[in-house]
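All remarks here apply to the structure that follows.
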Amino acid sequence: MKKVLYILGELDDDDAEWLSRAGVQRKIPRGDVLIHEGRDIDAVFFVTQGTFSVTTEGAGQEVARVGAGEVLGEVSYVDRHPPTATVVAVEDSAVLAVSRRVLTAKIQADPGFAGRFYKAVAVFLAERLRSTLRQLGSSADAGDVSELDLLALDSVSKAGVRFERILQKLQRS
């Protein structure tokens, strides 16, 4: 599932509106590096258009492809460590960049937003861990992936609507 659905699913409509106002749309031409492995980044990036290749020095190859609806840099924001991967535009792309400074100010000024934002990142990371365990064939994840959590579906539905609003607002500006 796309990260933005986890994040916007936990945030509320006002939070999503704030993100669209606080962020700056950046065009990333094909071949340009958005994030350099090991170098600090100054923003959390919401991919609004295009495709990016994610590579790590350790793997020496592409480890993922991400497109619209993905979020990049959220882990580095939370743990304040440099990114563990390089992200390059595969095609002309665009991101909504929310600067570390602006996001930190919002988190400090709005405890409700802070709680929702950090919960969203935690939910996403928990799902990433569960997915990794499933891929490794671990029996440690006893959850049945075929079960549908109705609350999660409602959250995903709302998140999709919020992301569409953000995209529409960016297209108008």
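The way I read the labels, and the way they are meant: chains A, B, ... in the order of the structure tokens, residue 1 as the first residue of every chain, and ligand 1 as the first ligand shown, with later ones counted on from there.
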
Quick one: residues within 12 Å of segment 168-172 of chain A, only C-alpha atoms counted, chain neighbours fewer than 5 positions away excluded, as a PDB file with N, CA, C and O atoms, in the first residue's frame?
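That gives us part.pdb:
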```
ATOM      1  N   ALA A  16      -4.190  17.510   6.310  1.00  0.00           N
ATOM      2  CA  ALA A  16      -3.898  17.343   4.879  1.00  0.00           C
ATOM      3  C   ALA A  16      -3.890  18.695   4.175  1.00  0.00           C
ATOM      4  O   ALA A  16      -3.026  18.958   3.324  1.00  0.00           O
ATOM      5  N   GLU A  17      -4.827  19.541   4.533  1.00  0.00           N
ATOM      6  CA  GLU A  17      -4.862  20.900   3.967  1.00  0.00           C
ATOM      7  C   GLU A  17      -3.596  21.661   4.337  1.00  0.00           C
ATOM      8  O   GLU A  17      -3.001  22.346   3.500  1.00  0.00           O
ATOM      9  N   TRP A  18      -3.172  21.538   5.593  1.00  0.00           N
ATOM     10  CA  TRP A  18      -1.948  22.207   6.038  1.00  0.00           C
ATOM     11  C   TRP A  18      -0.752  21.718   5.215  1.00  0.00           C
ATOM     12  O   TRP A  18       0.073  22.528   4.779  1.00  0.00           O
ATOM     13  N   LEU A  19      -0.640  20.398   5.026  1.00  0.00           N
ATOM     14  CA  LEU A  19       0.473  19.856   4.237  1.00  0.00           C
ATOM     15  C   LEU A  19       0.509  20.455   2.835  1.00  0.00           C
ATOM     16  O   LEU A  19       1.576  20.813   2.333  1.00  0.00           O
ATOM     17  N   SER A  20      -0.663  20.566   2.215  1.00  0.00           N
ATOM     18  CA  SER A  20      -0.692  21.100   0.845  1.00  0.00           C
ATOM     19  C   SER A  20      -0.294  22.579   0.809  1.00  0.00           C
ATOM     20  O   SER A  20       0.289  23.034  -0.173  1.00  0.00           O
ATOM     21  N   ARG A  21      -0.584  23.314   1.878  1.00  0.00           N
ATOM     22  CA  ARG A  21      -0.187  24.729   1.950  1.00  0.00           C
ATOM     23  C   ARG A  21       1.276  24.886   2.357  1.00  0.00           C
ATOM     24  O   ARG A  21       1.967  25.777   1.867  1.00  0.00           O
ATOM     25  N   ALA A  22       1.740  24.033   3.270  1.00  0.00           N
ATOM     26  CA  ALA A  22       3.092  24.164   3.813  1.00  0.00           C
ATOM     27  C   ALA A  22       4.152  23.650   2.852  1.00  0.00           C
ATOM     28  O   ALA A  22       5.303  24.088   2.889  1.00  0.00           O
ATOM     29  N   GLY A  23       3.771  22.715   2.003  1.00  0.00           N
ATOM     30  CA  GLY A  23       4.730  22.116   1.084  1.00  0.00           C
ATOM     31  C   GLY A  23       4.968  22.974  -0.145  1.00  0.00           C
ATOM     32  O   GLY A  23       4.175  23.855  -0.481  1.00  0.00           O
ATOM     33  N   VAL A  24       6.074  22.707  -0.780  1.00  0.00           N
ATOM     34  CA  VAL A  24       6.447  23.387  -2.020  1.00  0.00           C
ATOM     35  C   VAL A  24       6.573  22.321  -3.100  1.00  0.00           C
ATOM     36  O   VAL A  24       7.253  21.312  -2.916  1.00  0.00           O
ATOM     37  N   GLN A  25       5.908  22.547  -4.216  1.00  0.00           N
ATOM     38  CA  GLN A  25       6.005  21.579  -5.304  1.00  0.00           C
ATOM     39  C   GLN A  25       7.357  21.750  -5.990  1.00  0.00           C
ATOM     40  O   GLN A  25       7.748  22.858  -6.356  1.00  0.00           O
ATOM     41  N   ARG A  26       8.064  20.645  -6.138  1.00  0.00           N
ATOM     42  CA  ARG A  26       9.358  20.645  -6.823  1.00  0.00           C
ATOM     43  C   ARG A  26       9.266  19.718  -8.021  1.00  0.00           C
ATOM     44  O   ARG A  26       8.830  18.576  -7.911  1.00  0.00           O
ATOM     45  N   LYS A  27       9.690  20.221  -9.165  1.00  0.00           N
ATOM     46  CA  LYS A  27       9.799  19.405 -10.375  1.00  0.00           C
ATOM     47  C   LYS A  27      11.173  18.742 -10.346  1.00  0.00           C
ATOM     48  O   LYS A  27      12.180  19.415 -10.097  1.00  0.00           O
ATOM     49  N   PHE A  46       6.495  14.072  -0.641  1.00  0.00           N
ATOM     50  CA  PHE A  46       5.311  13.332  -1.070  1.00  0.00           C
ATOM     51  C   PHE A  46       5.354  13.295  -2.593  1.00  0.00           C
ATOM     52  O   PHE A  46       5.285  14.355  -3.235  1.00  0.00           O
ATOM     53  N   VAL A  47       5.502  12.115  -3.172  1.00  0.00           N
ATOM     54  CA  VAL A  47       5.600  11.999  -4.631  1.00  0.00           C
ATOM     55  C   VAL A  47       4.208  12.256  -5.217  1.00  0.00           C
ATOM     56  O   VAL A  47       3.248  11.567  -4.886  1.00  0.00           O
ATOM     57  N   THR A  48       4.123  13.255  -6.075  1.00  0.00           N
ATOM     58  CA  THR A  48       2.842  13.621  -6.681  1.00  0.00           C
ATOM     59  C   THR A  48       2.744  13.226  -8.149  1.00  0.00           C
ATOM     60  O   THR A  48       1.656  13.181  -8.706  1.00  0.00           O
ATOM     61  N   GLN A  49       3.904  12.943  -8.757  1.00  0.00           N
ATOM     62  CA  GLN A  49       3.907  12.601 -10.181  1.00  0.00           C
ATOM     63  C   GLN A  49       5.220  11.904 -10.514  1.00  0.00           C
ATOM     64  O   GLN A  49       6.266  12.244  -9.968  1.00  0.00           O
ATOM     65  N   ALA A  94       7.546  14.906  -9.938  1.00  0.00           N
ATOM     66  CA  ALA A  94       7.284  16.041  -9.049  1.00  0.00           C
ATOM     67  C   ALA A  94       7.026  15.523  -7.644  1.00  0.00           C
ATOM     68  O   ALA A  94       6.519  14.412  -7.454  1.00  0.00           O
ATOM     69  N   VAL A  95       7.396  16.346  -6.667  1.00  0.00           N
ATOM     70  CA  VAL A  95       7.150  16.030  -5.266  1.00  0.00           C
ATOM     71  C   VAL A  95       6.600  17.262  -4.568  1.00  0.00           C
ATOM     72  O   VAL A  95       6.836  18.391  -5.000  1.00  0.00           O
ATOM     73  N   LEU A  96       5.864  17.017  -3.499  1.00  0.00           N
ATOM     74  CA  LEU A  96       5.488  18.077  -2.576  1.00  0.00           C
ATOM     75  C   LEU A  96       6.492  17.968  -1.444  1.00  0.00           C
ATOM     76  O   LEU A  96       6.521  16.959  -0.733  1.00  0.00           O
ATOM     77  N   ALA A  97       7.360  18.968  -1.307  1.00  0.00           N
ATOM     78  CA  ALA A  97       8.413  18.947  -0.296  1.00  0.00           C
ATOM     79  C   ALA A  97       7.971  19.781   0.906  1.00  0.00           C
ATOM     80  O   ALA A  97       7.683  20.967   0.769  1.00  0.00           O
ATOM     81  N   VAL A 161      -9.013  10.239  -0.729  1.00  0.00           N
ATOM     82  CA  VAL A 161      -9.716  11.496  -1.011  1.00  0.00           C
ATOM     83  C   VAL A 161      -8.821  12.683  -0.660  1.00  0.00           C
ATOM     84  O   VAL A 161      -8.731  13.650  -1.417  1.00  0.00           O
ATOM     85  N   ARG A 162      -8.132  12.600   0.473  1.00  0.00           N
ATOM     86  CA  ARG A 162      -7.240  13.698   0.896  1.00  0.00           C
ATOM     87  C   ARG A 162      -6.100  13.878  -0.093  1.00  0.00           C
ATOM     88  O   ARG A 162      -5.739  15.006  -0.439  1.00  0.00           O
ATOM     89  N   PHE A 163      -5.525  12.763  -0.565  1.00  0.00           N
ATOM     90  CA  PHE A 163      -4.426  12.857  -1.528  1.00  0.00           C
ATOM     91  C   PHE A 163      -4.911  13.474  -2.832  1.00  0.00           C
ATOM     92  O   PHE A 163      -4.233  14.318  -3.424  1.00  0.00           O
TER      93      PHE A 163
END
```

Practice prompt. Show which residues sit within 8 Å of Val63 of chain A, as a list in words. Count only C-alpha atoms, and ignore same-chain residues fewer than 3 positions away.
Written response: Ser53, Val54, Thr55, Thr56 and Ala59 of chain A

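In this comparison, which uses only C-alpha atoms, the residue of A:Ile41, A:Val33, A:Leu129, A:Ala64 approaching Val78 of chain A most closely is A:Ile41.
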
Worksheet item: Near Ala85 of chain A, counting only C-alpha atoms, which residues have an atom at most 12 Å away, once you skip same-chain residues fewer than 2 positions from it, shown as a PyMOL selection string?
Response: chain A and resi 33-41+52-65+72-73+75-76+81-83+87-88

Please produce an output containing N, CA, C and O atoms for each residue in the selection, written as a short mmCIF file (atom, residue, chain, number, x, y, z; two decimals), in the first residue's frame.
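Output contents, as saved in selection35.cif:
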```
data_model
loop_
_atom_site.label_atom_id
_atom_site.label_comp_id
_atom_site.auth_asym_id
_atom_site.auth_seq_id
_atom_site.Cartn_x
_atom_site.Cartn_y
_atom_site.Cartn_z
N VAL A 33 18.91 13.48 -8.95
CA VAL A 33 18.88 12.82 -7.65
C VAL A 33 18.07 13.68 -6.68
O VAL A 33 18.36 14.85 -6.49
N LEU A 34 17.05 13.07 -6.08
CA LEU A 34 16.24 13.76 -5.07
C LEU A 34 16.88 13.59 -3.69
O LEU A 34 16.97 14.53 -2.91
N ILE A 35 17.34 12.36 -3.41
CA ILE A 35 17.94 12.05 -2.12
C ILE A 35 19.25 11.30 -2.37
O ILE A 35 19.26 10.33 -3.15
N HIS A 36 20.31 11.73 -1.70
CA HIS A 36 21.60 11.06 -1.77
C HIS A 36 21.80 10.22 -0.52
O HIS A 36 21.69 10.74 0.60
N GLU A 37 22.11 8.96 -0.68
CA GLU A 37 22.41 8.09 0.45
C GLU A 37 23.53 8.71 1.30
O GLU A 37 24.54 9.16 0.76
N GLY A 38 23.30 8.77 2.61
CA GLY A 38 24.33 9.27 3.52
C GLY A 38 24.40 10.78 3.67
O GLY A 38 25.15 11.28 4.50
N ARG A 39 23.62 11.52 2.89
CA ARG A 39 23.62 12.99 2.99
C ARG A 39 22.31 13.44 3.63
O ARG A 39 21.22 13.00 3.22
N ASP A 40 22.42 14.34 4.58
CA ASP A 40 21.22 14.85 5.25
C ASP A 40 20.24 15.45 4.23
O ASP A 40 20.66 16.00 3.21
N ILE A 41 18.97 15.32 4.54
CA ILE A 41 17.94 15.92 3.69
C ILE A 41 17.19 16.97 4.51
O ILE A 41 17.17 16.92 5.73
N PHE A 52 10.40 7.11 -9.27
CA PHE A 52 11.75 7.23 -8.75
C PHE A 52 12.34 5.84 -8.53
O PHE A 52 11.63 4.91 -8.14
N SER A 53 13.64 5.72 -8.74
CA SER A 53 14.38 4.49 -8.46
C SER A 53 15.09 4.67 -7.13
O SER A 53 15.72 5.71 -6.88
N VAL A 54 15.00 3.65 -6.28
CA VAL A 54 15.65 3.67 -4.98
C VAL A 54 16.77 2.65 -5.01
O VAL A 54 16.53 1.47 -5.30
N THR A 55 18.00 3.10 -4.74
CA THR A 55 19.15 2.20 -4.73
C THR A 55 19.92 2.38 -3.43
O THR A 55 19.86 3.44 -2.80
N THR A 56 20.63 1.33 -3.05
CA THR A 56 21.50 1.43 -1.88
C THR A 56 22.90 1.00 -2.28
O THR A 56 23.07 0.12 -3.13
N GLU A 57 23.87 1.62 -1.66
CA GLU A 57 25.26 1.29 -1.95
C GLU A 57 25.52 -0.18 -1.62
O GLU A 57 26.19 -0.88 -2.36
N GLY A 58 24.96 -0.64 -0.51
CA GLY A 58 25.17 -2.03 -0.08
C GLY A 58 24.63 -3.03 -1.08
O GLY A 58 25.26 -4.04 -1.37
N ALA A 59 23.44 -2.76 -1.62
CA ALA A 59 22.83 -3.70 -2.58
C ALA A 59 23.46 -3.55 -3.96
O ALA A 59 23.50 -4.49 -4.74
N GLY A 60 23.94 -2.36 -4.25
CA GLY A 60 24.55 -2.12 -5.55
C GLY A 60 23.58 -2.18 -6.71
O GLY A 60 23.98 -2.28 -7.85
N GLN A 61 22.29 -2.16 -6.40
CA GLN A 61 21.27 -2.22 -7.45
C GLN A 61 19.99 -1.59 -6.93
O GLN A 61 19.88 -1.25 -5.77
N GLU A 62 19.03 -1.49 -7.82
CA GLU A 62 17.73 -0.93 -7.44
C GLU A 62 17.05 -1.86 -6.45
O GLU A 62 16.98 -3.06 -6.65
N VAL A 63 16.55 -1.26 -5.37
CA VAL A 63 15.82 -2.04 -4.36
C VAL A 63 14.32 -1.76 -4.41
O VAL A 63 13.54 -2.53 -3.86
N ALA A 64 13.95 -0.67 -5.06
CA ALA A 64 12.52 -0.34 -5.16
C ALA A 64 12.31 0.71 -6.24
O ALA A 64 13.23 1.45 -6.62
N ARG A 65 11.06 0.76 -6.71
CA ARG A 65 10.58 1.84 -7.57
C ARG A 65 9.39 2.43 -6.86
O ARG A 65 8.53 1.70 -6.37
N LEU A 72 8.82 9.95 0.84
CA LEU A 72 10.26 9.72 0.96
C LEU A 72 10.84 10.64 2.03
O LEU A 72 10.44 11.80 2.13
N GLY A 73 11.75 10.11 2.81
CA GLY A 73 12.45 10.93 3.80
C GLY A 73 11.82 10.96 5.17
O GLY A 73 12.33 11.62 6.06
N VAL A 75 11.56 8.57 7.45
CA VAL A 75 12.37 7.91 8.48
C VAL A 75 13.52 8.80 8.89
O VAL A 75 13.80 8.97 10.09
N SER A 76 14.19 9.43 7.94
CA SER A 76 15.27 10.35 8.26
C SER A 76 14.76 11.55 9.05
O SER A 76 15.47 12.09 9.90
N HIS A 81 18.78 10.69 11.13
CA HIS A 81 19.96 10.10 10.51
C HIS A 81 19.88 10.33 9.00
O HIS A 81 18.78 10.44 8.45
N PRO A 82 21.01 10.35 8.34
CA PRO A 82 20.99 10.51 6.88
C PRO A 82 20.27 9.33 6.23
O PRO A 82 20.24 8.23 6.78
N PRO A 83 19.72 9.54 5.06
CA PRO A 83 19.02 8.47 4.34
C PRO A 83 19.93 7.28 4.05
O PRO A 83 21.15 7.44 3.86
N VAL A 87 17.76 8.21 -4.17
CA VAL A 87 16.51 8.23 -4.91
C VAL A 87 16.69 9.12 -6.14
O VAL A 87 17.03 10.30 -6.02
N VAL A 88 16.48 8.52 -7.32
CA VAL A 88 16.70 9.20 -8.60
C VAL A 88 15.41 9.16 -9.42
O VAL A 88 14.75 8.12 -9.49
#
```

Worksheet item: Counting only C-alpha atoms, what is within 6 Å of segment 98-111 of chain A, bar same-chain residues fewer than 3 positions away, as an MDAnalysis selection string?
Response: chainID A and resid 23 42:44 114

Discussion item. Among chain A, which residues does DSSP mark as strand (DSSP E or B) when it is run on the backbone? Keep the chain and numbering as in the structure and answer as a VMD selection string.
Written reply: chain A and resid 24 to 28 33 to 35 43 to 49 51 to 56 61 to 67 71 to 72 86 to 89 93 to 99

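Put simply, atom CA of Glu164 of chain A is 26.5 Å away from atom CA of Gly31 of chain A.
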
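In this model, the gap between atom CA of Glu91 of chain A and atom CA of Val71 of chain A comes to 17.0 Å.
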
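Atom pair atom CA of Ala120 of chain A / atom CA of Ala89 of chain A: separated by 25.6 Å.
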
Item to complete: Report the residues of chain A whose backbone DSSP state falls under helix (DSSP H, G or I), written as number ranges by chain.
Response: A: 3-10, 13-22, 74-79, 100-109, 111-135, 150-172
